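J.: What follows is query-v5.txt; its format and atoms are compact mmCIF, C-alpha atoms.
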# COMPACT_ATOMS: atom_id res chain seq x y z
CA MET P 1 106.79 85.31 61.29
CA LYS P 2 108.25 88.28 59.47
CA ARG P 3 111.88 89.13 60.10
CA ARG P 4 111.09 92.39 61.91
CA HIS P 5 108.62 90.54 64.14
CA VAL P 6 111.31 88.01 65.02
CA TRP P 7 113.55 90.95 65.99
CA MET P 8 110.76 92.61 67.99
CA ALA P 9 109.91 89.36 69.80
CA ARG P 10 113.44 89.35 71.24
CA TYR P 11 112.71 92.68 72.91
CA LEU P 12 109.23 91.90 74.20
CA PRO P 13 108.18 89.66 77.10
CA PRO P 14 107.95 86.05 75.84
CA GLY P 15 104.52 85.38 74.40
CA VAL P 16 103.67 89.01 73.64
CA ASP P 17 102.54 89.22 70.00
CA PRO P 18 104.95 91.51 68.09
CA SER P 19 102.41 92.21 65.34
CA LYS P 20 99.93 93.56 67.91
CA SER P 21 102.63 95.72 69.46
CA GLU P 22 103.59 96.98 66.02
CA MET P 23 99.95 97.83 65.32
CA GLY P 24 99.77 99.80 68.58
CA LEU P 25 102.89 101.78 67.68
CA LEU P 26 101.55 102.48 64.18
CA THR P 27 98.27 103.70 65.66
CA GLY P 28 100.25 106.13 67.82
CA LEU P 29 102.18 107.31 64.77
CA ILE P 30 99.08 107.84 62.62
CA SER P 31 97.25 109.61 65.48
CA ALA P 32 100.22 111.95 65.99
CA LEU P 33 100.35 112.72 62.27
CA LEU P 34 96.60 113.35 62.07
CA PHE P 35 96.78 115.61 65.12
CA HIS P 36 99.58 117.50 63.44
CA LEU P 37 97.34 118.38 60.49
CA GLN P 38 95.99 121.21 62.60
CA PHE P 39 99.21 123.12 61.83
CA ILE P 40 98.28 123.21 58.14
CA LEU P 41 94.80 124.48 59.00
CA ARG P 42 96.13 127.10 61.39
CA TYR P 43 98.79 128.19 58.93
CA LEU P 44 96.34 128.51 56.02
CA SER P 45 93.95 130.49 58.19
CA ALA P 46 96.72 132.86 59.37
CA ARG P 47 97.97 133.27 55.83
CA ASN P 48 94.48 133.98 54.61
CA ASP P 49 94.19 136.78 57.15
CA LEU P 50 97.10 138.57 55.46
CA TYR P 51 94.98 139.32 52.41
CA THR P 52 91.98 141.42 51.62
CA TYR P 53 89.70 139.80 49.12
CA TYR P 54 87.72 141.97 46.78
CA HIS P 55 84.09 141.01 46.74
CA GLY P 56 83.00 139.17 43.65
CA SER P 57 86.44 138.77 42.14
CA ASN P 58 89.49 136.55 42.55
CA ILE P 59 91.67 139.54 43.30
CA LYS P 60 93.37 139.55 46.68
CA GLN P 61 95.85 142.01 48.10
CA LEU P 62 98.08 142.04 51.13
CA ASN P 63 96.38 144.12 53.76
CA GLY P 64 99.54 145.10 55.64
CA SER P 65 99.02 142.84 58.62
CA MET P 66 101.87 140.69 59.86
CA MET P 67 102.00 136.94 60.13
CA PRO P 68 101.67 135.71 63.76
CA PRO P 69 104.91 134.29 65.19
CA PHE P 70 105.75 130.70 64.24
CA TRP P 71 105.17 129.24 67.71
CA GLU P 72 101.68 130.75 67.75
CA VAL P 73 100.81 129.13 64.42
CA LEU P 74 102.37 125.89 65.55
CA GLY P 75 100.11 125.85 68.61
CA THR P 76 99.46 122.38 70.01
CA SER P 77 99.93 120.55 66.72
CA LEU P 78 102.89 118.53 68.00
CA TYR P 79 101.17 117.46 71.20
CA GLY P 80 100.11 114.22 69.49
CA CYS P 81 103.76 113.19 69.26
CA PHE P 82 104.40 114.14 72.89
CA VAL P 83 101.34 112.28 74.11
CA ALA P 84 102.36 109.21 72.06
CA ALA P 85 105.87 109.40 73.57
CA LEU P 86 104.42 109.69 77.08
CA ALA P 87 102.06 106.78 76.39
CA MET P 88 105.16 104.59 76.08
CA VAL P 89 105.50 104.78 79.87
CA VAL P 90 102.08 103.14 80.11
CA VAL P 91 103.10 100.57 77.47
CA ALA P 92 106.23 99.70 79.49
CA ILE P 93 104.09 99.21 82.62
CA GLN P 94 101.68 97.04 80.63
CA LEU P 95 104.53 94.94 79.31
CA TYR P 96 105.92 94.47 82.81
CA SER P 97 102.49 93.52 84.11
CA SER P 98 102.36 90.77 81.47
CA TYR P 99 104.80 88.88 83.71
CA TYR P 100 101.92 88.59 86.18
CA GLN P 101 99.11 87.79 83.76
CA GLY P 102 97.90 84.21 83.44
CA SER P 103 100.86 82.98 85.50
CA LYS P 104 103.77 84.34 87.50
CA SER P 105 106.32 84.24 84.70
CA ILE P 106 108.13 86.94 86.66
CA TYR P 107 109.56 84.03 88.69
CA THR P 108 111.26 82.73 85.55
CA MET P 109 112.42 86.18 84.49
CA ARG P 110 113.91 86.78 87.93
CA ARG P 111 115.80 83.49 87.77
CA LEU P 112 117.58 84.28 84.53
CA PRO P 113 121.37 84.51 84.71
CA ASP P 114 121.12 87.80 82.83
CA ARG P 115 119.53 90.08 85.37
CA TRP P 116 118.75 92.77 82.77
CA GLU P 117 116.81 90.50 80.44
CA ARG P 118 113.43 91.17 82.04
CA TRP P 119 114.00 94.94 81.85
CA ARG P 120 115.37 94.74 78.32
CA ARG P 121 112.18 93.01 77.21
CA VAL P 122 110.01 95.66 78.85
CA LEU P 123 111.87 98.88 78.12
CA THR P 124 113.57 98.55 74.71
CA ILE P 125 110.54 98.85 72.40
CA PRO P 126 108.79 101.63 74.40
CA ALA P 127 112.06 103.58 74.72
CA LEU P 128 112.80 103.28 71.00
CA ALA P 129 109.22 104.21 70.13
CA ALA P 130 109.26 107.22 72.48
CA ALA P 131 112.55 108.36 70.92
CA GLY P 132 110.97 107.87 67.49
CA TYR P 133 107.92 109.97 68.38
CA LEU P 134 110.15 112.76 69.75
CA LEU P 135 112.29 112.63 66.62
CA LEU P 136 109.12 112.84 64.55
CA ALA P 137 108.08 115.93 66.55
CA PHE P 138 111.45 117.54 65.79
CA VAL P 139 111.28 116.70 62.07
CA LEU P 140 107.70 117.98 61.80
CA ARG P 141 108.65 121.17 63.60
CA CYS P 142 111.51 121.76 61.14
CA LEU P 143 109.19 121.00 58.24
CA ASP P 144 106.52 123.34 59.60
CA PHE P 145 109.09 126.10 60.01
CA THR P 146 110.27 125.61 56.45
CA ILE P 147 106.68 125.92 55.21
CA TYR P 148 106.17 128.97 57.42
CA MET P 149 109.26 130.73 56.10
CA LEU P 150 108.92 129.78 52.43
CA CYS P 151 105.18 130.11 51.92
CA THR P 152 104.57 133.31 53.84
CA PRO P 153 104.93 136.52 51.77
CA GLU P 154 108.17 138.13 52.85
CA PRO P 155 106.73 141.56 53.79
CA CYS P 156 104.42 139.85 56.27
CA LEU P 157 107.22 138.09 58.16
CA HIS P 158 108.77 139.73 61.19
CA PRO P 159 112.33 140.78 60.37
CA TYR P 160 113.82 138.31 62.80
CA SER P 161 111.50 135.39 62.17
CA TRP P 162 114.41 133.18 61.21
CA LEU P 163 115.67 133.55 64.76
CA GLU P 164 112.82 131.29 65.78
CA LEU P 165 114.86 128.57 64.12
CA LEU P 166 117.03 128.65 67.22
CA ASN P 167 114.01 127.70 69.29
CA LEU P 168 113.74 124.52 67.26
CA MET P 169 117.04 123.28 68.61
CA MET V 1 125.33 72.01 98.99
CA LEU V 2 122.45 74.35 99.74
CA GLN V 3 122.83 75.83 103.18
CA LEU V 4 120.45 78.02 105.15
CA LYS V 5 121.65 79.61 108.37
CA GLU V 6 119.37 81.45 110.75
CA VAL V 7 117.06 82.53 107.95
CA LYS V 8 114.38 84.91 109.17
CA LYS V 9 111.63 86.59 107.26
CA VAL V 10 109.12 89.08 108.60
CA TYR V 11 106.17 90.29 106.53
CA GLY V 12 105.14 93.81 107.39
CA ARG V 13 106.02 94.78 110.93
CA SER V 14 105.17 91.75 112.92
CA LYS V 15 104.20 88.70 110.82
CA GLN V 16 107.11 86.32 111.41
CA ALA V 17 107.04 83.93 108.42
CA LEU V 18 110.45 82.31 109.01
CA ASN V 19 111.93 82.19 112.42
CA GLY V 20 115.61 81.32 112.17
CA VAL V 21 115.60 78.35 109.79
CA ASP V 22 118.75 76.22 109.68
CA LEU V 23 118.83 73.65 106.91
CA THR V 24 121.47 71.92 104.83
CA ILE V 25 120.55 70.03 101.69
CA GLY V 26 123.20 67.99 99.95
CA PRO V 27 123.48 66.81 96.34
CA GLY V 28 121.21 63.96 95.34
CA GLU V 29 118.73 64.34 98.19
CA ILE V 30 115.00 64.30 97.59
CA VAL V 31 113.61 66.33 100.43
CA GLY V 32 109.93 66.59 101.28
CA LEU V 33 109.04 69.89 102.91
CA PHE V 34 105.91 69.53 104.99
CA GLY V 35 103.84 71.77 107.17
CA GLU V 36 100.37 73.19 107.55
CA ASN V 37 99.23 76.18 105.52
CA GLY V 38 101.17 79.25 106.62
CA ALA V 39 104.03 77.19 108.07
CA GLY V 40 106.50 79.00 105.82
CA LYS V 41 107.17 76.47 103.05
CA THR V 42 106.57 78.81 100.13
CA THR V 43 108.30 81.70 101.89
CA LEU V 44 111.34 79.50 102.46
CA MET V 45 111.55 78.61 98.77
CA LYS V 46 111.08 82.21 97.69
CA CYS V 47 113.87 83.30 100.04
CA ILE V 48 116.19 80.64 98.58
CA LEU V 49 115.42 81.88 95.07
CA GLY V 50 115.96 85.50 96.09
CA PHE V 51 112.37 86.56 95.39
CA LEU V 52 112.02 87.82 98.96
CA SER V 53 114.40 89.74 101.16
CA TYR V 54 115.39 87.96 104.38
CA GLN V 55 117.82 88.00 107.27
CA GLY V 56 120.43 85.27 107.64
CA ASP V 57 122.55 83.40 105.12
CA ILE V 58 121.60 81.24 102.17
CA THR V 59 124.50 79.82 100.22
CA LEU V 60 125.05 77.37 97.40
CA ASP V 61 128.37 75.57 97.78
CA GLY V 62 129.50 78.40 100.03
CA GLU V 63 128.57 81.17 97.60
CA PRO V 64 125.62 83.51 98.03
CA ILE V 65 122.93 82.98 95.42
CA THR V 66 123.33 85.61 92.72
CA THR V 67 122.94 85.82 88.96
CA ARG V 68 126.26 83.94 88.76
CA ASN V 69 124.83 80.72 90.18
CA ILE V 70 121.05 81.20 90.04
CA GLU V 71 120.74 78.86 87.06
CA ARG V 72 121.75 76.03 89.36
CA LEU V 73 118.28 76.41 90.89
CA SER V 74 115.00 75.74 89.13
CA PHE V 75 111.48 76.29 90.39
CA ALA V 76 108.11 74.70 89.74
CA THR V 77 105.20 76.36 91.49
CA CYS V 78 101.45 75.90 91.64
CA GLU V 79 101.24 79.61 90.76
CA HIS V 80 102.99 78.63 87.47
CA SER V 81 106.02 80.41 86.12
CA PHE V 82 105.69 79.61 82.41
CA PHE V 83 104.69 82.14 79.76
CA PRO V 84 100.98 81.46 79.08
CA ASN V 85 100.97 82.82 75.53
CA LEU V 86 104.08 80.94 74.45
CA THR V 87 104.03 77.40 73.02
CA ALA V 88 105.99 74.50 74.49
CA GLN V 89 108.37 74.81 71.57
CA GLY V 90 108.76 78.54 72.28
CA HIS V 91 109.62 77.73 75.90
CA GLY V 92 112.23 75.27 74.70
CA GLU V 93 113.85 77.97 72.58
CA PHE V 94 113.72 80.51 75.42
CA TYR V 95 115.23 78.12 77.96
CA ARG V 96 117.90 76.99 75.50
CA GLU V 97 118.90 80.59 74.98
CA HIS V 98 119.00 81.56 78.66
CA PHE V 99 120.01 78.45 80.58
CA SER V 100 123.36 77.09 79.49
CA LYS V 101 122.66 73.55 80.76
CA PHE V 102 119.15 73.21 79.38
CA ARG V 103 118.36 69.52 78.90
CA GLU V 104 116.85 69.51 75.45
CA LYS V 105 116.58 65.73 75.25
CA ARG V 106 114.82 65.45 78.61
CA PHE V 107 112.47 68.30 77.66
CA ARG V 108 111.44 66.61 74.40
CA ALA V 109 111.12 63.18 76.02
CA LEU V 110 108.91 64.47 78.85
CA LEU V 111 106.70 66.44 76.47
CA GLU V 112 106.27 63.30 74.45
CA PHE V 113 105.66 61.10 77.47
CA PHE V 114 102.90 63.34 78.80
CA GLU V 115 101.58 63.88 75.28
CA LEU V 116 101.64 67.65 75.60
CA PRO V 117 101.07 69.61 72.38
CA GLN V 118 104.18 71.41 71.18
CA ASN V 119 102.61 74.16 69.15
CA LYS V 120 99.71 75.33 71.27
CA PRO V 121 100.03 78.21 73.74
CA ILE V 122 100.24 76.91 77.30
CA ARG V 123 97.15 78.92 78.28
CA SER V 124 95.08 76.46 76.22
CA PHE V 125 96.29 73.49 78.31
CA SER V 126 94.15 71.90 81.03
CA THR V 127 95.16 72.56 84.66
CA GLY V 128 96.78 69.14 84.85
CA GLN V 129 98.74 69.72 81.66
CA LYS V 130 99.84 73.15 82.90
CA ASN V 131 101.18 71.57 86.09
CA GLN V 132 102.95 68.89 84.10
CA PHE V 133 104.52 71.48 81.85
CA GLU V 134 105.60 73.57 84.85
CA VAL V 135 107.40 70.57 86.32
CA ILE V 136 108.88 69.59 82.94
CA LEU V 137 110.46 73.05 82.66
CA ALA V 138 111.92 72.80 86.16
CA LEU V 139 113.34 69.35 85.43
CA SER V 140 114.74 70.35 82.04
CA GLN V 141 116.40 73.62 82.98
CA GLY V 142 119.60 71.79 83.86
CA ALA V 143 119.55 72.87 87.50
CA ASP V 144 121.29 71.03 90.31
CA TYR V 145 118.61 72.00 92.84
CA ILE V 146 115.00 71.65 91.77
CA LEU V 147 112.53 73.43 94.03
CA MET V 148 108.89 72.42 93.72
CA ASP V 149 106.11 74.16 95.57
CA GLU V 150 102.87 72.17 95.50
CA PRO V 151 103.51 71.34 91.85
CA PHE V 152 100.70 68.82 91.48
CA ALA V 153 97.82 70.85 92.93
CA GLY V 154 94.91 70.05 90.62
CA ASN V 155 96.36 66.92 89.03
CA ASP V 156 94.54 63.64 89.30
CA VAL V 157 96.10 60.77 91.19
CA PHE V 158 97.15 58.78 88.09
CA ASN V 159 98.84 61.82 86.73
CA ARG V 160 100.77 62.33 89.93
CA GLU V 161 101.72 58.66 90.15
CA ASP V 162 103.16 58.86 86.65
CA PHE V 163 105.16 61.86 87.61
CA TYR V 164 106.74 60.32 90.69
CA LYS V 165 107.79 57.33 88.65
CA VAL V 166 109.22 59.47 85.89
CA LEU V 167 111.02 61.64 88.41
CA LEU V 168 112.67 58.69 90.08
CA GLY V 169 113.59 57.33 86.68
CA ILE V 170 115.18 60.41 85.20
CA LEU V 171 116.87 62.18 88.11
CA GLU V 172 120.63 61.93 88.06
CA PRO V 173 122.47 61.15 91.31
CA THR V 174 123.59 64.76 91.78
CA GLU V 175 120.19 66.31 91.12
CA THR V 176 118.49 67.48 94.28
CA VAL V 177 114.78 68.01 94.78
CA LEU V 178 113.11 70.09 97.47
CA LEU V 179 109.42 69.28 97.25
CA SER V 180 106.76 71.07 99.22
CA THR V 181 103.46 69.22 99.25
CA HIS V 182 100.49 68.20 101.37
CA LEU V 183 100.33 64.81 99.66
CA LEU V 184 102.30 63.05 102.39
CA GLU V 185 101.31 59.50 101.67
CA GLU V 186 101.93 59.81 97.96
CA VAL V 187 105.45 61.14 98.21
CA SER V 188 106.51 59.04 101.18
CA GLY V 189 107.95 56.36 98.90
CA PHE V 190 109.67 58.90 96.75
CA ILE V 191 111.50 61.19 99.18
CA SER V 192 114.72 60.42 101.02
CA ARG V 193 114.24 62.97 103.77
CA ALA V 194 111.36 64.78 105.47
CA VAL V 195 111.60 68.30 106.88
CA LEU V 196 108.70 69.61 108.92
CA LEU V 197 108.03 73.29 109.31
CA ARG V 198 105.79 74.88 111.87
CA ASN V 199 105.30 78.59 112.44
CA GLY V 200 108.40 79.37 110.42
CA SER V 201 110.73 77.00 112.26
CA VAL V 202 112.07 73.55 111.46
CA LEU V 203 110.15 71.31 113.81
CA ALA V 204 111.71 68.04 112.73
CA ASP V 205 114.12 66.71 110.14
CA ALA V 206 114.69 63.03 109.46
CA THR V 207 115.84 60.81 106.62
CA THR V 208 113.56 57.99 105.51
CA LEU V 209 116.38 55.61 106.41
CA GLU V 210 116.30 56.83 110.02
CA LEU V 211 112.52 56.48 110.05
CA ASP V 212 112.76 52.95 108.64
CA GLU V 213 115.19 52.03 111.39
CA GLN V 214 112.67 53.32 113.94
CA GLY V 215 109.92 51.36 112.21
CA LYS V 216 108.02 54.51 111.23
CA ASN V 217 106.81 55.89 107.98
CA VAL V 218 106.66 59.54 106.93
CA LEU V 219 102.98 59.85 107.76
CA ASP V 220 103.45 58.54 111.32
CA PHE V 221 106.47 60.79 111.73
CA VAL V 222 104.52 63.89 110.69
CA LYS V 223 101.48 63.04 112.81
CA GLU V 224 103.67 62.31 115.80
CA THR V 225 105.68 65.48 115.43
CA TYR V 226 102.60 67.58 115.00
CA HIS V 227 100.96 65.85 117.99
CA TYR V 228 98.07 64.95 115.76
CA ARG V 229 95.07 63.95 117.83
CA ALA V 230 93.22 61.24 115.95
CA ASP V 231 90.23 61.49 118.29
CA ARG V 232 89.81 65.22 117.57
CA VAL V 233 87.21 64.74 114.86
CA SER V 234 85.09 62.20 116.73
CA LYS V 235 85.13 64.38 119.87
CA ALA V 236 84.08 67.45 117.93
CA LEU V 237 81.28 65.51 116.22
CA SER V 238 80.10 64.16 119.56
CA GLU V 239 79.98 67.64 121.02
CA LEU V 240 78.12 68.97 118.01
CA THR V 241 75.54 66.20 117.93
CA GLY V 242 75.29 65.98 121.74
CA GLU V 243 76.01 62.26 121.72
CA GLU V 244 77.94 60.48 124.45
CA ASP V 245 81.01 58.37 123.57
Would you mind writing the structure in this file as structure tokens?
T.:
Amino acid sequence: MKRRHVWMARYLPPGVDPSKSEMGLLTGLISALLFHLQFILRYLSARNDLYTYYHGSNIKQLNGSMMPPFWEVLGTSLYGCFVAALAMVVVAIQLYSSYYQGSKSIYTMRRLPDRWERWRRVLTIPALAAAGYLLLAFVLRCLDFTIYMLCTPEPCLHPYSWLELLNLM
Amino acid sequence: MLQLKEVKKVYGRSKQALNGVDLTIGPGEIVGLFGENGAGKTTLMKCILGFLSYQGDITLDGEPITTRNIERLSFATCEHSFFPNLTAQGHGEFYREHFSKFREKRFRALLEFFELPQNKPIRSFSTGQKNQFEVILALSQGADYILMDEPFAGNDVFNREDFYKVLLGILEPTETVLLSTHLLEEVSGFISRAVLLRNGSVLADATTLELDEQGKNVLDFVKETYHYRADRVSKALSELTGEED
């Protein structure tokens, strides 16, 4: 067993396979990242709308329109992270229900001198994963904002666009 | 000493499962807990272990049972309380980590005696092996009071015989067993005291020594206390078949 799996096993109900749990968390992460790709598509589309393209040539010129506000471009692209974080509630319930599957190991967990052990083994990994997904949402939002501010032609940005940075906090 | 005073348990609004049970179990006793289905045997054990809320007092050497002294109690149940996806070895590690008096040597010896595989998940065991493992865990936890609720349901008779012998051989004088079972005849030579429950109350309580003095065995004692009517079956059959006696 790999070292990180040994660590994970200490925070999962006894007998729950850490590698399977890890795979589930990775699936959530990849899904959230894939879902976030829609920001790039939305941003490129909005940026494209700033230009007029001359037919039959590669020449493009700003057409005087303004870039939509950041939050509008951002849209629902971070929802993947939020859904993954919320899914951790379901994971915690599933982990707790494992104490009732195939036996009533809950009887052993309830007899432990450390009364928090059974909760620790159910809540730690989902809570850490949920925090991780929310942190990822924050980092992606900052990254998206940086792209929005740096890659958009300055005349097309609203004068106080940077104030939207405050909304990130 | 495990002491129960006026322990009452009601399920829902009206189902009285325990009706003021008074019971004292001292160190070293092997107590058989008998009663028909629904008499309250399992409920009584679950109240002792704190799995169910109840009215009354349950104390262990004068102290209420909390996380401070819960490891002095172990539990083997026909519902099974092991972790099905964990190996026997994994259970050993878990118990060693969480129960300060875990009896490693006894655990290994019993696994070996019953020839249980160490590195296979318990879910792959046969029903008999699962029961054996359940009891092995209860005996190895290092508890002073070992509660067993129908632990041998599904085991064959040879298997059970082996277990009684092993139990008698390994128990230390201070280890106490509270055993709930329907297998009266089998455990009669093994227990030192019989407690009979009926409708959530203690109907009778006698040591095997007292029964010996009265020239009775546990089976007679139970039948007598329950007013067992031996002619009940023949009468019912006669009525059903329309035959005269």
J.: With 9 Å as the limit and counting only C-alpha atoms, what residues in chain V lie close to chain P? Please list them as a PyMOL selection string.
T.: chain V and resi 49-51+66-71+73-75+79-87+90-91+94+98-99+121+123
J.: Would you mind telling me which residue in V:Ser192, V:Thr43, V:Ser100, V:Thr77 lies nearest to V:Ile136 when using only C-alpha atoms?
T.: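 Nearest candidate to V:Ile136 out of V:Ser192, V:Thr43, V:Ser100, V:Thr77: V:Thr77.
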J.: Name all residues at most 9 Å from stretch 4-6 of chain P (count all atoms listed in the file; drop same-chain ones fewer than 2 positions away) and give them as a ChimeraX atom specification.
T.: /P:1-2,8-10,17-19,22
J.: Using Å and a single decimal, report how far atom CA of P:Trp116 sits from atom CA of P:Val83.
T.: 27.5 Å
J.: Per residue of stretch 10-114 of chain P within 12 Å of stretch 154-166 of chain P, record the nearest atom pair and its distance in Å to one decimal, counting only C-alpha atoms, with rows in chain order and ascending residue number, as a Markdown table.
T.:
| residue | atom | partner | partner_atom | distance |
| --- | --- | --- | --- | --- |
| P:Ala46 | CA | P:Cys156 | CA | 10.9 |
| P:Arg47 | CA | P:Cys156 | CA | 9.2 |
| P:Asn48 | CA | P:Cys156 | CA | 11.7 |
| P:Asp49 | CA | P:Cys156 | CA | 10.7 |
| P:Leu50 | CA | P:Cys156 | CA | 7.5 |
| P:Tyr51 | CA | P:Cys156 | CA | 10.2 |
| P:Leu62 | CA | P:Cys156 | CA | 8.5 |
| P:Asn63 | CA | P:Cys156 | CA | 9.4 |
| P:Gly64 | CA | P:Cys156 | CA | 7.2 |
| P:Ser65 | CA | P:Cys156 | CA | 6.6 |
| P:Met66 | CA | P:Cys156 | CA | 4.5 |
| P:Met67 | CA | P:Cys156 | CA | 5.4 |
| P:Pro68 | CA | P:Leu157 | CA | 8.2 |
| P:Pro69 | CA | P:Ser161 | CA | 7.3 |
| P:Phe70 | CA | P:Glu164 | CA | 7.3 |
| P:Trp71 | CA | P:Glu164 | CA | 8.2 |
| P:Glu72 | CA | P:Glu164 | CA | 11.3 |
| P:Leu74 | CA | P:Glu164 | CA | 11.8 |
J.: Check the smallest atom-to-atom distance from each of V:Gly242, V:Gly128, V:Gly154, V:Gly32 to V:Ala204 using all atoms listed in the file, then report the winner.
T.: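 Counting all atoms listed in the file, the residue closest to V:Ala204 is V:Gly32.
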J.: Using Å and a single decimal, report how far atom CA of V:Glu186 sits from atom CA of V:Asn155.
T.: 12.7 Å
J.: Please report the interatomic distance between atom CA of P:Cys142 and atom CA of P:Phe39 in Å with one decimal.
T.: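 Here the two named atoms are 12.4 Å from each other.
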J.: Considering only C-alpha atoms, return as a list in words whatever protein or nucleic-acid residues lie within 9 Å of P:Met88, sequence-local ones (same chain, fewer than 2 positions apart) excluded.
T.: Val83, Ala84, Ala85, Leu86, Val90, Val91, Ala92, Ile93, Ile125, Pro126, Ala127, Ala129 and Ala130 of chain P
J.: Neighbours of stretch 14-16 of chain V within 9 Å (only C-alpha atoms; same-chain residues fewer than 4 positions away dropped), as number ranges by chain?
T.: V: 8-10, 199-200
J.: Using all atoms listed in the file, find the one residue out of P:Leu150, P:Leu134, P:Ile30, P:Val89 that sits nearest to P:Val122.
T.: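 Looking only at the distances to P:Val122, the closest residue turns out to be P:Val89.
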J.: Would you mind telling me which residue in V:Lys46, V:Thr225, V:Leu116, V:Ala17 lies nearest to V:Leu147 when using all atoms listed in the file?
T.: V:Lys46
J.: Please return as an MDAnalysis selection string every residue within 8 Å of (122.2, 70.3, 89.0), taking into account all atoms listed in the file and the file's own coordinates.
T.: chainID V and resid 72:73 142:146 174:176
J.: Pick the closest to V:Leu44 from V:Ser201, V:Asn119, V:Gln132, V:Thr208: which is it, counting all atoms listed in the file?
T.: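 Closest to V:Leu44, using all atoms listed in the file: V:Ser201.
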J.: Just need the box for stretch 107-123 of chain V, edges along x, y and z, holding every atom the file lists for it with 5 Å tacked onto each side, so centre and edge lengths in Å to one decimal, as JSON.
T.:
{"center_x": 104.8, "center_y": 70.0, "center_z": 74.0, "size_x": 25.3, "size_y": 27.8, "size_z": 19.7}
J.: Can you list, as a PyMOL selection string, every protein, DNA or RNA residue that comes within 12 Å of stretch 215-217 of chain V when you count only C-alpha atoms, leaving out same-chain residues fewer than 6 positions away?
T.: chain V and resi 184-194+206-209+223-225
J.: Env of V:Pro117: 10 Å cut, atoms = all atoms listed in the file, seq-sep filter 4 positions within chain, self excluded. Answer as an MDAnalysis selection string.
T.: chainID V and resid 87:89 111:112 121:122 124:125 129
J.: Considering all atoms listed in the file, can you say which of P:Tyr79, P:Trp119, P:Trp7, P:Tyr148 comes closest to P:Tyr133?
T.: P:Tyr79
J.: Could I get stretch 171-185 of chain V rebuilt with N, CA and C atoms, written as a compact mmCIF listing (two decimals), keeping the file's coordinate frame?
T.:
# COMPACT_ATOMS: atom_id res chain seq x y z
N LEU V 171 115.95 61.34 87.32
CA LEU V 171 116.87 62.18 88.11
C LEU V 171 118.26 61.56 88.16
N GLU V 172 119.25 62.40 87.97
CA GLU V 172 120.63 61.93 88.06
C GLU V 172 121.08 61.99 89.52
N PRO V 173 122.10 61.25 89.89
CA PRO V 173 122.47 61.15 91.31
C PRO V 173 122.79 62.50 91.95
N THR V 174 123.22 63.46 91.17
CA THR V 174 123.59 64.76 91.78
C THR V 174 122.42 65.75 91.80
N GLU V 175 121.34 65.39 91.15
CA GLU V 175 120.19 66.31 91.12
C GLU V 175 119.42 66.23 92.45
N THR V 176 119.14 67.40 92.98
CA THR V 176 118.49 67.48 94.28
C THR V 176 117.09 68.07 94.12
N VAL V 177 116.16 67.50 94.87
CA VAL V 177 114.78 68.01 94.78
C VAL V 177 114.33 68.45 96.17
N LEU V 178 113.76 69.63 96.24
CA LEU V 178 113.11 70.09 97.47
C LEU V 178 111.64 70.25 97.11
N LEU V 179 110.81 69.36 97.67
CA LEU V 179 109.42 69.28 97.25
C LEU V 179 108.49 69.63 98.40
N SER V 180 107.74 70.70 98.21
CA SER V 180 106.76 71.07 99.22
C SER V 180 105.40 70.55 98.78
N THR V 181 104.76 69.79 99.63
CA THR V 181 103.46 69.22 99.25
C THR V 181 102.66 68.84 100.50
N HIS V 182 101.35 68.71 100.30
CA HIS V 182 100.49 68.20 101.37
C HIS V 182 100.22 66.71 101.17
N LEU V 183 100.65 66.20 100.00
CA LEU V 183 100.33 64.81 99.66
C LEU V 183 101.36 63.86 100.27
N LEU V 184 101.31 63.82 101.63
CA LEU V 184 102.30 63.05 102.39
C LEU V 184 102.42 61.59 101.97
N GLU V 185 101.27 60.94 101.93
CA GLU V 185 101.31 59.50 101.67
C GLU V 185 101.88 59.20 100.29
